[in-house]
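Here is the file coords-v4.json (JSON, C-alpha atoms).
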```json
[["chain", "number", "residue", "atom", "x", "y", "z"],
["A", 283, "VAL", "CA", -24.45, -10.39, 27.33],
["A", 284, "ARG", "CA", -20.94, -10.98, 26.05],
["A", 285, "ASP", "CA", -21.07, -14.55, 27.17],
["A", 286, "ALA", "CA", -24.33, -15.03, 25.27],
["A", 287, "LEU", "CA", -22.75, -13.59, 22.12],
["A", 288, "ASP", "CA", -19.66, -15.76, 22.58],
["A", 289, "SER", "CA", -21.79, -18.87, 22.86],
["A", 290, "LEU", "CA", -23.02, -18.47, 19.27],
["A", 291, "SER", "CA", -21.36, -20.25, 16.36],
["A", 292, "ASP", "CA", -18.70, -18.27, 14.50],
["A", 293, "GLN", "CA", -21.05, -17.99, 11.49],
["A", 294, "HIS", "CA", -23.83, -16.53, 13.60],
["A", 295, "ARG", "CA", -21.60, -14.14, 15.51],
["A", 296, "GLU", "CA", -19.95, -12.97, 12.30],
["A", 297, "VAL", "CA", -23.21, -12.16, 10.55],
["A", 298, "LEU", "CA", -24.53, -10.32, 13.62],
["A", 299, "GLU", "CA", -21.38, -8.24, 13.96],
["A", 300, "LEU", "CA", -21.34, -7.37, 10.26],
["A", 301, "SER", "CA", -25.03, -6.42, 10.40],
["A", 302, "TYR", "CA", -24.51, -4.33, 13.51],
["A", 303, "ARG", "CA", -21.72, -2.28, 11.92],
["A", 304, "GLY", "CA", -24.34, -0.69, 9.71],
["A", 305, "ASP", "CA", -22.01, 0.27, 6.87],
["A", 306, "LEU", "CA", -22.77, -2.74, 4.68],
["A", 307, "THR", "CA", -26.07, -3.63, 3.05],
["A", 308, "GLN", "CA", -27.21, -7.23, 3.32],
["A", 309, "ALA", "CA", -26.20, -7.72, -0.31],
["A", 310, "GLN", "CA", -22.69, -6.49, 0.51],
["A", 311, "ILE", "CA", -22.54, -8.80, 3.51],
["A", 312, "ALA", "CA", -23.54, -11.65, 1.19],
["A", 313, "ASP", "CA", -20.69, -10.67, -1.17],
["A", 314, "ARG", "CA", -18.19, -10.53, 1.64],
["A", 315, "LEU", "CA", -19.21, -13.91, 3.04],
["A", 316, "GLY", "CA", -19.54, -15.45, -0.42],
["A", 317, "VAL", "CA", -23.09, -16.69, 0.16],
["A", 318, "PRO", "CA", -26.44, -15.83, -1.47],
["A", 319, "LEU", "CA", -28.48, -12.92, -0.11],
["A", 320, "GLY", "CA", -31.20, -15.31, 1.08],
["A", 321, "THR", "CA", -28.64, -17.15, 3.18],
["A", 322, "VAL", "CA", -27.55, -13.91, 4.84],
["A", 323, "LYS", "CA", -31.17, -13.16, 5.73],
["A", 324, "SER", "CA", -31.96, -16.61, 7.10],
["A", 325, "ARG", "CA", -28.60, -16.83, 8.87],
["A", 326, "THR", "CA", -29.15, -13.41, 10.47],
["A", 327, "TYR", "CA", -32.62, -14.43, 11.54],
["A", 328, "ASN", "CA", -31.41, -17.70, 13.07],
["A", 329, "ALA", "CA", -28.48, -15.92, 14.71],
["A", 330, "LEU", "CA", -30.83, -13.39, 16.32],
["A", 331, "ARG", "CA", -33.02, -16.22, 17.58],
["A", 332, "SER", "CA", -30.03, -18.07, 19.03],
["A", 333, "PHE", "CA", -28.75, -14.88, 20.64],
["A", 334, "LYS", "CA", -32.14, -14.23, 22.23],
["A", 335, "ARG", "CA", -32.29, -17.82, 23.48],
["A", 336, "ALA", "CA", -28.76, -17.58, 24.88],
["A", 337, "LEU", "CA", -29.71, -14.38, 26.73],
["A", 338, "GLU", "CA", -32.78, -16.07, 28.17],
["A", 339, "GLU", "CA", -30.76, -19.08, 29.31],
["A", 340, "ARG", "CA", -28.31, -16.83, 31.11],
["A", 341, "GLU", "CA", -31.04, -14.90, 32.85],
["A", 342, "LEU", "CA", -32.57, -18.15, 34.06],
["A", 343, "GLY", "CA", -29.18, -19.39, 35.17],
["A", 344, "ASP", "CA", -28.54, -16.35, 37.36],
["B", 148, "VAL", "CA", -40.15, -20.81, 13.71],
["B", 149, "THR", "CA", -37.80, -20.65, 10.75],
["B", 150, "GLU", "CA", -40.35, -22.30, 8.51],
["B", 151, "SER", "CA", -43.02, -19.75, 9.28],
["B", 152, "ARG", "CA", -40.56, -16.94, 8.60],
["B", 153, "GLN", "CA", -39.63, -18.36, 5.23],
["B", 154, "ASN", "CA", -43.23, -18.14, 4.19],
["B", 155, "PRO", "CA", -43.23, -15.58, 1.36],
["B", 156, "ALA", "CA", -46.33, -13.99, 2.86],
["B", 157, "HIS", "CA", -44.04, -12.56, 5.56],
["B", 158, "PRO", "CA", -41.29, -10.15, 4.51],
["B", 159, "ASP", "CA", -37.72, -10.55, 5.75],
["B", 160, "LEU", "CA", -37.37, -8.64, 9.00],
["B", 161, "THR", "CA", -33.64, -8.87, 9.62],
["B", 162, "GLY", "CA", -32.68, -5.92, 7.41],
["B", 163, "TYR", "CA", -35.42, -3.87, 9.06],
["B", 164, "ILE", "CA", -34.29, -4.80, 12.56],
["B", 165, "PHE", "CA", -30.70, -3.80, 11.84],
["B", 166, "GLY", "CA", -31.72, -0.65, 9.98],
["B", 167, "LEU", "CA", -30.16, -1.97, 6.77],
["B", 168, "ALA", "CA", -33.32, -2.04, 4.67],
["B", 169, "GLY", "CA", -33.81, 0.52, 1.90],
["B", 170, "ASP", "CA", -36.65, 3.05, 2.08],
["B", 171, "GLU", "CA", -38.97, 0.95, -0.03],
["B", 172, "ASP", "CA", -38.39, -2.24, 1.95],
["B", 173, "ARG", "CA", -38.71, -0.40, 5.23],
["B", 174, "GLN", "CA", -42.04, 1.06, 4.21],
["B", 175, "ALA", "CA", -43.28, -2.33, 3.04],
["B", 176, "VAL", "CA", -42.31, -3.91, 6.37],
["B", 177, "ARG", "CA", -44.05, -1.13, 8.32],
["B", 178, "THR", "CA", -47.25, -1.64, 6.36],
["B", 179, "HIS", "CA", -47.02, -5.38, 6.89],
["B", 180, "LEU", "CA", -46.42, -4.99, 10.65],
["B", 181, "GLN", "CA", -49.71, -3.15, 11.03],
["B", 182, "GLU", "CA", -51.55, -6.14, 9.63],
["B", 183, "CYS", "CA", -49.49, -9.10, 10.81],
["B", 184, "ARG", "CA", -49.46, -9.84, 14.51],
["B", 185, "THR", "CA", -46.82, -12.60, 14.09],
["B", 186, "CYS", "CA", -44.27, -10.30, 12.51],
["B", 187, "ALA", "CA", -45.07, -7.43, 14.87],
["B", 188, "ARG", "CA", -44.30, -9.76, 17.78],
["B", 189, "GLU", "CA", -41.02, -10.81, 16.12],
["B", 190, "VAL", "CA", -39.91, -7.22, 15.77],
["B", 191, "GLU", "CA", -40.97, -6.54, 19.35],
["B", 192, "GLU", "CA", -38.94, -9.51, 20.60],
["B", 193, "MET", "CA", -35.84, -8.99, 18.52],
["B", 194, "GLY", "CA", -35.73, -5.26, 17.82],
["B", 195, "ALA", "CA", -33.54, -4.47, 20.83],
["B", 196, "LEU", "CA", -30.97, -7.21, 20.11],
["B", 197, "PRO", "CA", -28.72, -5.19, 17.75],
["B", 198, "GLU", "CA", -28.02, -2.66, 20.50],
["B", 199, "LEU", "CA", -26.94, -5.47, 22.79],
["B", 200, "ILE", "CA", -24.54, -6.77, 20.15],
["B", 201, "GLY", "CA", -22.92, -3.36, 19.95],
["B", 202, "ALA", "CA", -22.82, -3.01, 23.70],
["B", 203, "ALA", "CA", -21.34, -6.44, 24.24],
["B", 204, "ALA", "CA", -18.71, -6.22, 21.55],
["B", 205, "PRO", "CA", -16.27, -3.84, 23.31],
["B", 206, "ALA", "CA", -16.07, -5.79, 26.55],
["B", 207, "VAL", "CA", -14.53, -8.86, 24.95],
["B", 208, "SER", "CA", -11.92, -7.35, 22.92],
["B", 209, "VAL", "CA", -10.14, -5.18, 25.41],
["B", 210, "PRO", "CA", -6.87, -6.95, 26.15],
["B", 211, "PRO", "CA", -6.10, -7.44, 29.85],
["B", 212, "ASN", "CA", -3.09, -5.12, 29.93],
["B", 213, "LEU", "CA", -4.63, -2.35, 27.83],
["B", 214, "GLU", "CA", -5.51, -0.09, 30.71],
["B", 215, "ARG", "CA", -1.94, -0.07, 32.00],
["B", 216, "ARG", "CA", -0.51, 0.50, 28.51],
["B", 217, "VAL", "CA", -2.91, 3.30, 27.69],
["B", 218, "LEU", "CA", -2.56, 5.09, 31.01],
["B", 219, "ARG", "CA", 1.21, 4.92, 30.62],
["B", 220, "ALA", "CA", 0.91, 6.38, 27.13],
["B", 221, "VAL", "CA", -1.30, 9.21, 28.33],
["B", 222, "SER", "CA", 0.98, 10.11, 31.21],
["B", 223, "ALA", "CA", 3.98, 10.01, 28.87],
["B", 224, "GLN", "CA", 2.29, 12.53, 26.62],
["B", 225, "GLU", "CA", 1.51, 14.83, 29.50],
["B", 226, "THR", "CA", 5.02, 14.53, 30.86],
["B", 227, "ALA", "CA", 6.30, 15.56, 27.46],
["B", 228, "GLY", "CA", 4.51, 18.86, 27.83],
["B", 229, "ASN", "CA", 1.56, 18.26, 25.51],
["B", 230, "PRO", "CA", -1.64, 19.51, 27.06],
["B", 231, "ARG", "CA", -4.32, 16.86, 27.35],
["B", 232, "PRO", "CA", -6.56, 17.53, 24.38],
["B", 233, "SER", "CA", -10.29, 17.66, 24.63],
["B", 234, "VAL", "CA", -11.88, 14.25, 24.63],
["B", 235, "GLU", "CA", -14.85, 15.67, 22.74],
["B", 236, "LYS", "CA", -13.18, 14.97, 19.41],
["B", 237, "ARG", "CA", -13.72, 11.23, 19.77],
["B", 238, "THR", "CA", -16.67, 11.16, 22.10],
["B", 239, "PRO", "CA", -19.10, 8.52, 20.85],
["B", 240, "SER", "CA", -22.30, 9.89, 19.44],
["B", 241, "ARG", "CA", -24.10, 6.86, 20.81],
["B", 242, "PRO", "CA", -24.92, 6.56, 24.50],
["B", 243, "ALA", "CA", -22.50, 4.50, 26.59],
["B", 244, "PRO", "CA", -22.66, 0.79, 25.74],
["B", 245, "GLU", "CA", -23.56, -0.13, 29.28],
["B", 246, "ALA", "CA", -26.53, 2.21, 29.31],
["B", 247, "LEU", "CA", -27.63, 0.89, 25.93],
["B", 248, "ALA", "CA", -27.36, -2.69, 27.08],
["B", 249, "ARG", "CA", -29.37, -2.02, 30.20],
["B", 250, "ALA", "CA", -32.09, -0.22, 28.27],
["B", 251, "ALA", "CA", -32.18, -2.98, 25.66],
["B", 252, "LEU", "CA", -32.36, -5.74, 28.26],
["B", 253, "VAL", "CA", -35.19, -3.99, 30.02],
["B", 254, "ARG", "CA", -37.03, -3.67, 26.72],
["B", 255, "LEU", "CA", -36.47, -7.37, 26.06],
["B", 256, "GLY", "CA", -38.34, -8.05, 29.26],
["B", 257, "PHE", "CA", -35.42, -9.00, 31.49],
["B", 258, "GLY", "CA", -36.41, -6.36, 34.03],
["B", 259, "SER", "CA", -33.73, -4.59, 35.98],
["B", 260, "VAL", "CA", -30.21, -5.73, 35.32],
["B", 261, "GLY", "CA", -28.05, -5.83, 38.39],
["B", 262, "ARG", "CA", -24.93, -7.34, 36.92],
["B", 263, "LYS", "CA", -22.18, -5.04, 35.76],
["B", 264, "LEU", "CA", -21.52, -5.38, 32.08],
["B", 265, "TRP", "CA", -18.26, -3.51, 32.12],
["B", 266, "ALA", "CA", -15.60, -3.55, 34.75],
["B", 267, "PRO", "CA", -14.89, 0.09, 35.71],
["B", 268, "GLY", "CA", -11.25, -0.41, 34.78],
["B", 269, "ILE", "CA", -12.17, -1.25, 31.22],
["B", 270, "ALA", "CA", -14.35, 1.83, 30.93],
["B", 271, "VAL", "CA", -11.42, 3.89, 32.16],
["B", 272, "ALA", "CA", -9.12, 2.22, 29.65],
["B", 273, "VAL", "CA", -11.45, 2.91, 26.77],
["B", 274, "ALA", "CA", -11.91, 6.52, 27.86],
["B", 275, "ALA", "CA", -8.14, 6.84, 28.08],
["B", 276, "MET", "CA", -7.80, 5.34, 24.62],
["B", 277, "LEU", "CA", -10.11, 8.04, 23.27],
["B", 278, "VAL", "CA", -7.81, 10.61, 24.83],
["B", 279, "VAL", "CA", -4.83, 8.98, 23.15],
["B", 280, "ALA", "CA", -6.58, 8.92, 19.78],
["B", 281, "ALA", "CA", -7.58, 12.57, 20.16],
["B", 282, "ALA", "CA", -4.01, 13.42, 21.17],
["B", 283, "GLY", "CA", -2.76, 11.81, 17.99],
["B", 284, "VAL", "CA", -5.06, 13.88, 15.83],
["B", 285, "GLU", "CA", -4.19, 17.06, 17.65],
["B", 286, "MET", "CA", -0.47, 16.51, 17.33],
["B", 287, "ALA", "CA", -0.68, 15.60, 13.69],
["B", 288, "ARG", "CA", -2.62, 18.79, 13.04],
["B", 289, "LEU", "CA", -0.13, 20.94, 14.86],
["B", 290, "GLY", "CA", 2.77, 19.06, 13.31],
["B", 291, "GLN", "CA", 4.61, 18.76, 16.59],
["B", 292, "GLY", "CA", 6.06, 15.77, 18.33],
["B", 293, "PRO", "CA", 6.84, 15.39, 21.99],
["B", 294, "SER", "CA", 10.59, 15.58, 21.64],
["B", 295, "ALA", "CA", 12.27, 18.48, 23.34],
["B", 296, "PRO", "CA", 13.41, 21.26, 20.98],
["B", 297, "GLY", "CA", 17.02, 20.87, 20.03],
["B", 298, "ALA", "CA", 17.26, 17.20, 20.99],
["B", 299, "ALA", "CA", 18.16, 15.33, 17.83],
["B", 300, "PRO", "CA", 15.70, 12.46, 17.43],
["B", 301, "THR", "CA", 17.21, 9.02, 16.83],
["B", 302, "THR", "CA", 15.49, 6.69, 14.43],
["B", 303, "VAL", "CA", 15.40, 3.34, 16.16],
["B", 304, "GLN", "CA", 13.35, 1.36, 13.69],
["B", 305, "THR", "CA", 11.96, 1.61, 10.17],
["B", 306, "VAL", "CA", 8.98, -0.49, 9.20],
["B", 307, "ARG", "CA", 7.81, -1.05, 5.66],
["B", 308, "LEU", "CA", 4.07, -1.42, 5.07],
["B", 309, "VAL", "CA", 2.40, -3.11, 2.13],
["B", 310, "ALA", "CA", -1.22, -3.28, 1.00],
["B", 311, "ALA", "CA", -3.19, -5.91, 2.87],
["B", 312, "ASP", "CA", -5.88, -6.03, 0.20],
["B", 313, "GLY", "CA", -3.79, -6.38, -2.96],
["B", 314, "SER", "CA", -4.01, -2.70, -3.92],
["B", 315, "ASP", "CA", -1.08, -0.43, -4.84],
["B", 316, "ALA", "CA", -1.04, 1.27, -1.45],
["B", 317, "SER", "CA", 2.18, 1.22, 0.54],
["B", 318, "GLY", "CA", 3.85, 3.04, 3.36],
["B", 319, "SER", "CA", 6.70, 3.23, 5.79],
["B", 320, "ALA", "CA", 6.92, 4.11, 9.43],
["B", 321, "SER", "CA", 9.99, 5.54, 11.04],
["B", 322, "ILE", "CA", 10.10, 5.26, 14.78],
["B", 323, "GLN", "CA", 12.16, 7.62, 16.87],
["B", 324, "ARG", "CA", 12.88, 7.62, 20.56],
["B", 325, "SER", "CA", 11.89, 10.72, 22.49],
["B", 326, "SER", "CA", 11.79, 11.70, 26.13],
["B", 327, "GLY", "CA", 8.08, 10.93, 26.19],
["B", 328, "GLY", "CA", 8.21, 7.49, 24.61],
["B", 329, "GLN", "CA", 8.37, 6.95, 20.88],
["B", 330, "VAL", "CA", 7.38, 9.04, 17.91],
["B", 331, "VAL", "CA", 5.90, 7.22, 14.95],
["B", 332, "GLU", "CA", 6.18, 9.02, 11.63],
["B", 333, "LEU", "CA", 4.00, 7.28, 9.10],
["B", 334, "LYS", "CA", 4.22, 7.97, 5.37],
["B", 335, "VAL", "CA", 1.57, 6.37, 3.18],
["B", 336, "LYS", "CA", 0.70, 6.56, -0.49],
["B", 337, "GLY", "CA", -1.95, 5.03, -2.68],
["B", 338, "LEU", "CA", -4.62, 4.77, 0.01],
["B", 339, "PRO", "CA", -8.13, 5.65, -1.22],
["B", 340, "GLU", "CA", -9.47, 9.01, -0.05],
["B", 341, "THR", "CA", -11.49, 8.80, 3.14],
["B", 342, "SER", "CA", -15.13, 9.69, 2.69],
["B", 343, "PRO", "CA", -16.96, 11.71, 5.37],
["B", 344, "GLY", "CA", -17.38, 9.60, 8.48],
["B", 345, "GLN", "CA", -14.37, 7.42, 7.69],
["B", 346, "LEU", "CA", -10.84, 7.50, 8.97],
["B", 347, "TYR", "CA", -7.71, 5.37, 8.96],
["B", 348, "VAL", "CA", -6.33, 4.05, 12.21],
["B", 349, "CYS", "CA", -2.70, 3.07, 12.75],
["B", 350, "TRP", "CA", -2.35, 0.27, 15.32],
["B", 351, "LEU", "CA", 0.23, -1.61, 17.32],
["B", 352, "VAL", "CA", -0.92, -5.21, 17.10],
["B", 353, "ASP", "CA", 0.07, -7.80, 19.70],
["B", 354, "GLU", "CA", 0.18, -11.60, 19.45],
["B", 355, "GLY", "CA", -3.11, -13.43, 19.11],
["B", 356, "ASP", "CA", -5.09, -10.45, 17.83],
["B", 357, "SER", "CA", -8.33, -11.28, 15.99],
["B", 358, "LEU", "CA", -11.62, -9.54, 15.27],
["B", 359, "GLN", "CA", -13.27, -11.50, 18.07],
["B", 360, "HIS", "CA", -10.47, -10.99, 20.58],
["B", 361, "GLU", "CA", -8.63, -7.80, 19.82],
["B", 362, "ASN", "CA", -5.19, -7.35, 21.23],
["B", 363, "ARG", "CA", -4.09, -4.04, 19.77],
["B", 364, "VAL", "CA", -3.75, -0.43, 20.74],
["B", 365, "ALA", "CA", -4.28, 2.58, 18.47],
["B", 366, "VAL", "CA", -1.31, 4.82, 17.71],
["B", 367, "GLY", "CA", -3.44, 7.46, 16.02],
["B", 368, "THR", "CA", -5.86, 8.24, 13.25],
["B", 369, "PHE", "CA", -5.62, 10.09, 9.95],
["B", 370, "SER", "CA", -7.63, 10.86, 6.86],
["B", 371, "VAL", "CA", -6.61, 11.01, 3.21],
["B", 372, "SER", "CA", -7.70, 13.68, 0.76],
["B", 373, "GLY", "CA", -6.33, 13.72, -2.75],
["B", 374, "SER", "CA", -4.05, 11.16, -4.30],
["B", 375, "GLY", "CA", -0.73, 12.43, -2.99],
["B", 376, "PRO", "CA", 1.33, 10.88, -0.21],
["B", 377, "VAL", "CA", 0.36, 11.61, 3.38],
["B", 378, "THR", "CA", 2.73, 12.00, 6.32],
["B", 379, "VAL", "CA", 1.52, 11.93, 9.91],
["B", 380, "ARG", "CA", 3.29, 11.83, 13.27],
["B", 381, "TRP", "CA", 2.11, 10.55, 16.61],
["B", 382, "SER", "CA", 3.60, 9.89, 19.97],
["B", 383, "THR", "CA", 3.07, 6.64, 21.84],
["B", 384, "GLY", "CA", 4.14, 5.35, 25.22],
["B", 385, "ALA", "CA", 3.96, 1.75, 24.02],
["B", 386, "ASP", "CA", 7.16, 0.01, 23.03],
["B", 387, "THR", "CA", 6.69, -0.29, 19.28],
["B", 388, "ALA", "CA", 9.36, -2.98, 18.95],
["B", 389, "GLN", "CA", 7.05, -5.46, 20.69],
["B", 390, "TYR", "CA", 4.22, -5.06, 18.25],
["B", 391, "ARG", "CA", 3.35, -5.28, 14.57],
["B", 392, "LEU", "CA", 2.13, -2.09, 12.90],
["B", 393, "ASP", "CA", -0.94, -2.08, 10.71],
["B", 394, "VAL", "CA", -3.50, 0.36, 9.32],
["B", 395, "THR", "CA", -7.25, -0.24, 9.10],
["B", 396, "ARG", "CA", -10.10, 1.81, 7.64],
["B", 397, "GLU", "CA", -12.76, 2.60, 10.26],
["B", 398, "GLN", "CA", -16.02, 4.43, 10.68],
["B", 399, "ALA", "CA", -15.54, 7.62, 12.71],
["B", 400, "ASP", "CA", -18.39, 6.60, 15.00],
["B", 401, "GLY", "CA", -16.65, 6.90, 18.32],
["B", 402, "ASN", "CA", -16.15, 3.16, 18.66],
["B", 403, "PRO", "CA", -12.46, 2.89, 19.55],
["B", 404, "LEU", "CA", -12.22, -0.77, 18.52],
["B", 405, "ARG", "CA", -11.04, -2.21, 15.26],
["B", 406, "ARG", "CA", -14.03, -3.07, 13.10],
["B", 407, "GLY", "CA", -12.91, -2.22, 9.59],
["B", 408, "PRO", "CA", -10.69, -3.92, 7.02],
["B", 409, "GLU", "CA", -6.91, -3.95, 7.29],
["B", 410, "VAL", "CA", -5.47, -1.86, 4.42],
["B", 411, "LEU", "CA", -1.75, -1.82, 5.23],
["B", 412, "THR", "CA", 0.32, -4.37, 7.06],
["B", 413, "ALA", "CA", 3.96, -4.38, 8.19],
["B", 414, "VAL", "CA", 6.54, -6.48, 6.40],
["B", 415, "ARG", "CA", 8.59, -8.37, 8.93]]
```

Take the structure in the file and give it back as structure tokens.
Amino acid sequence: VRDALDSLSDQHREVLELSYRGDLTQAQIADRLGVPLGTVKSRTYNALRSFKRALEERELGD
Amino acid sequence: VTESRQNPAHPDLTGYIFGLAGDEDRQAVRTHLQECRTCAREVEEMGALPELIGAAAPAVSVPPNLERRVLRAVSAQETAGNPRPSVEKRTPSRPAPEALARAALVRLGFGSVGRKLWAPGIAVAVAAMLVVAAAGVEMARLGQGPSAPGAAPTTVQTVRLVAADGSDASGSASIQRSSGGQVVELKVKGLPETSPGQLYVCWLVDEGDSLQHENRVAVGTFSVSGSGPVTVRWSTGADTAQYRLDVTREQADGNPLRRGPEVLTAVR
């Protein structure tokens, strides 16, 4: 699982880790990253997709 | 896939999945999920991912020599005559990351997961770190250090701390040698009051530390109420001269890793 998370781009990993912390709203995450709210949402969505794909690849590779 | 999700007919699901959506948004998503098979499938597929992120995060960041350092610190505290405090104080309210990860993977359809996510040694190290953090709190509350009564403590090092975020906060740490290792007396002023569920953590930071790959060990935790200066004391078995001191603000959620912003940093 860690390997799958590590395989993501820094941008994707960062947005996932900030979202997971749970103490920031998506608007606050947008502020912190200096990007529009819509970008946080689409980036989070794409990051989740990549993470899921990376998990699937690793399961197949086992 | 992205295109279909950007269709305004479908609401954004990411805030919902991470539990970050407000009441109104959450309700709107729930209503939508009952009608939209596409979105319901998305939530089904991705809803367990956040737990995996949390479960995976600790395993990376534990530096290779942490277990040895922490166990040494714990045994130093016990040698110094301080009873091992109850671990309950810092016991995570969430289930163990490994259990969470397994449950989440099963829900994602990966079936049974045979591979170990955490080496047992790392789990031991993290558990020991919780003991150390709890010990710090306990000692600060009782106002006692590990030095033997009558033995005059020697200050071996004084470290000045400045605000890492441009605020007026500052502090200083005086480090004294004791029979059980080193005693860190930290004086801070100007730090914002901690709200419920928050605490400050004082760390010894090693070379190459980053959010992704942590290489630091906690000295202890404290909270701030009121605007006056705060003085806390902890004992540590780690050799403070090897590390840089800093202070971060953290959620008191049982996660022993650094996740919050740095508020004070040592001046070299």

From (-7.2, 8.7, 11.9), in the file's coordinates, out to 6 Å: which residues are reached, counting only C-alpha atoms? Answer as a PyMOL selection string.
chain B and resi 346-348+367-370

If we count all atoms listed in the file, which residues of chain B reach to within 6 Å of chain A? Please list them as a PyMOL selection string.
chain B and resi 161+167+203

Atomic separation - atom CA of Gln389 of chain B relative to atom CA of Leu333 of chain B, Å
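Separating atom CA of Leu333 of chain B from atom CA of Gln389 of chain B is a distance of 17.5 Å.
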
How many Å lie between atom CA of Ser314 of chain B and atom CA of Asp313 of chain A, rounded to one decimal?
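According to the coordinates, atom CA of Ser314 of chain B and atom CA of Asp313 of chain A are separated by 18.7 Å.
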
What does the distance from atom CA of Glu354 of chain B to atom CA of Asn402 of chain B come to in Å, to one decimal?
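It comes out at 22.0 Å.
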
For a quick check of your reading of the model, name the residues lying within 9 Å of the coordinate (1.9, 5.7, 1.2), counting only C-alpha atoms, and write them as a ChimeraX atom specification.
/B:308-309,316-319,333-338,375-378

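Remark: for Thr321 of chain A, the closest of the candidate residues B:Thr302, B:Asp159, B:Asp356, B:Ile322 is B:Asp159 (distances computed over only C-alpha atoms).
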
Write out as a list in words the residues lying within 10 Å of Gly344 of chain B, counting only C-alpha atoms and excluding same-chain residues fewer than 3 positions away.
Thr341, Ser370, Glu397, Gln398, Ala399 and Asp400 of chain B

Please produce a file of the residues just selected, as an mmCIF file, keeping the file's coordinate frame, where the atoms kept are C-alpha atoms.
```cif
data_model
loop_
_atom_site.group_PDB
_atom_site.id
_atom_site.type_symbol
_atom_site.label_atom_id
_atom_site.label_comp_id
_atom_site.auth_asym_id
_atom_site.auth_seq_id
_atom_site.Cartn_x
_atom_site.Cartn_y
_atom_site.Cartn_z
ATOM 1 C CA THR B 341 -11.490 8.800 3.140
ATOM 2 C CA SER B 370 -7.630 10.860 6.860
ATOM 3 C CA GLU B 397 -12.760 2.600 10.260
ATOM 4 C CA GLN B 398 -16.020 4.430 10.680
ATOM 5 C CA ALA B 399 -15.540 7.620 12.710
ATOM 6 C CA ASP B 400 -18.390 6.600 15.000
#
```

For Leu160 of chain B, list every protein, DNA or RNA residue within 10 Å, evaluated using all atoms listed in the file, and leave out those in the same chain fewer than 4 positions away; present the list as a short mmCIF file (atom, residue, chain, number, x, y, z; two decimals) with C-alpha atoms, in the coordinates of the input.
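The resulting file, around-v7.cif, is reproduced below:
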```cif
data_model
loop_
_atom_site.label_atom_id
_atom_site.label_comp_id
_atom_site.auth_asym_id
_atom_site.auth_seq_id
_atom_site.Cartn_x
_atom_site.Cartn_y
_atom_site.Cartn_z
CA LYS A 323 -31.17 -13.16 5.73
CA SER A 324 -31.96 -16.61 7.10
CA THR A 326 -29.15 -13.41 10.47
CA TYR A 327 -32.62 -14.43 11.54
CA ARG B 152 -40.56 -16.94 8.60
CA ILE B 164 -34.29 -4.80 12.56
CA PHE B 165 -30.70 -3.80 11.84
CA GLY B 166 -31.72 -0.65 9.98
CA ALA B 168 -33.32 -2.04 4.67
CA ASP B 172 -38.39 -2.24 1.95
CA ARG B 173 -38.71 -0.40 5.23
CA VAL B 176 -42.31 -3.91 6.37
CA LEU B 180 -46.42 -4.99 10.65
CA CYS B 186 -44.27 -10.30 12.51
CA ALA B 187 -45.07 -7.43 14.87
CA GLU B 189 -41.02 -10.81 16.12
CA VAL B 190 -39.91 -7.22 15.77
CA MET B 193 -35.84 -8.99 18.52
CA GLY B 194 -35.73 -5.26 17.82
#
```

Point out the residue among B:Tyr163, B:Ala388, B:Thr395, B:Gly169 with the least atom-to-atom distance to Gln304 of chain B, counting all atoms listed in the file.
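The answer is B:Ala388, which sits nearest to Gln304 of chain B.
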
Would you kindly return, as a PyMOL selection string, each protein, DNA or RNA residue with an atom no farther than 7 Å from any atom of Gln329 of chain B, considering all atoms listed in the file and excluding same-chain residues fewer than 2 positions away?
chain B and resi 322-325+327+331+382-384

From B:Leu404, B:Leu255, B:Leu199, B:Val303, residue lying nearest Gly328 of chain B [all atoms listed in the file]
B:Val303
